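A.B. asks: Sharing a structure, written as structure tokens. Questions coming.
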Amino acid sequence: MTDKNSSGLTRRGLLGAFAATAVVATPTYSNAAGFLRGAGDIRRIAMHSGRTGERLETIYWIEGEYIAEAVREINMHMRDWRTGEAVQMDLRTIDIMSAALNLMDTSEPYLLLSGYRSPQTNQMLSSSNRGVARNSLHMRGQAADLRLTGRTTAQMANAALACRAGGVGRYSRSNFVHMDCGQVRSWRG
């Protein structure tokens, strides 16, 4: 299959032009699950790390396909900042994060507190903090701890819960929300 159409434009060029000019309709709570199943033409994610100072804003999915380069950037951004180790993040978690951000109707990027955690980092954290699971989904690249200054933890948790696609932990005193692609469940920490 060729990547060029009859006008000589590449598929990548067309997708890039589309992404640069596309306007995305914000899904409502009632259709968040449909958004995660593939409704909508593009998915984007925006976040920054207070630990590394890095910022990421990218379109990572267009017309039913993940963009490999964008996914690699996400994986690197969500690495264990203590060890520098990165893994393939579970794209279901990224989709939940993206859908929740869209549901909150904000252009503010997430503050990423924790994405992937190496087993060594998780063991160190769990030995000093009761709230850290010994067999955390962070170690599988399936979870993220996130904060927004313009939204409450209740608003963030409600948006993630509306996706009905994984676990949502609300940590109001620490001002963050845990999102993962594990079993659908919720808790307060």
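Scheme for the structure tokens: letters A, B, ... for chains in order shown; per-chain residue numbers from 1; ligand numbers from 1 in order shown.
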Taking 4 positions as the minimum chain separation for residues in the same chain, which residues sit within 7 Å of Leu56 of chain A when counting only C-alpha atoms? Answer as a list in words.

C.D. replies: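 My list of contacting residues is Ala46, Met47 and His48 of chain A.
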
A.B. asks: As a PyMOL selection string, please: every residue in segment 134-183 of chain A that a backbone DSSP assignment puts in strand (DSSP E or B).

C.D. replies: chain A and resi 143-147+167-171+176-180

A.B. asks: Measure the distance from atom CA of Asp90 of chain A to atom CA of Gly141 of chain A in Å and round it to one decimal.

C.D. replies: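 Between these atoms lies a distance of 5.8 Å.
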
A.B. asks: Name the residues in contact with Arg82 of chain A at a cut-off of 10 Å, using only C-alpha atoms, excluding same-chain residues fewer than 4 positions from it; report them as number ranges by chain.

C.D. replies: A: 51-52, 117-118, 120-121

A.B. asks: Could you write out the selected residues, including N, CA and C atoms, as an mmCIF file, in the first residue's frame?

C.D. replies:
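Final output, saved to result_39.cif:
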data_model
loop_
_atom_site.group_PDB
_atom_site.id
_atom_site.type_symbol
_atom_site.label_atom_id
_atom_site.label_comp_id
_atom_site.auth_asym_id
_atom_site.auth_seq_id
_atom_site.Cartn_x
_atom_site.Cartn_y
_atom_site.Cartn_z
ATOM 1 N N ARG A 51 9.035 17.820 38.644
ATOM 2 C CA ARG A 51 10.326 17.219 39.021
ATOM 3 C C ARG A 51 11.409 17.476 37.976
ATOM 4 N N THR A 52 11.043 17.371 36.697
ATOM 5 C CA THR A 52 12.041 17.527 35.622
ATOM 6 C C THR A 52 11.938 18.878 34.923
ATOM 7 N N ARG A 117 6.670 3.885 37.726
ATOM 8 C CA ARG A 117 7.578 3.769 38.864
ATOM 9 C C ARG A 117 8.332 2.463 38.743
ATOM 10 N N SER A 118 9.635 2.529 38.850
ATOM 11 C CA SER A 118 10.421 1.292 38.871
ATOM 12 C C SER A 118 10.100 0.531 40.149
ATOM 13 N N GLN A 120 12.116 -0.499 42.340
ATOM 14 C CA GLN A 120 12.932 0.065 43.421
ATOM 15 C C GLN A 120 12.278 1.335 43.986
ATOM 16 N N THR A 121 11.807 2.205 43.099
ATOM 17 C CA THR A 121 11.146 3.428 43.549
ATOM 18 C C THR A 121 9.872 3.096 44.303
#
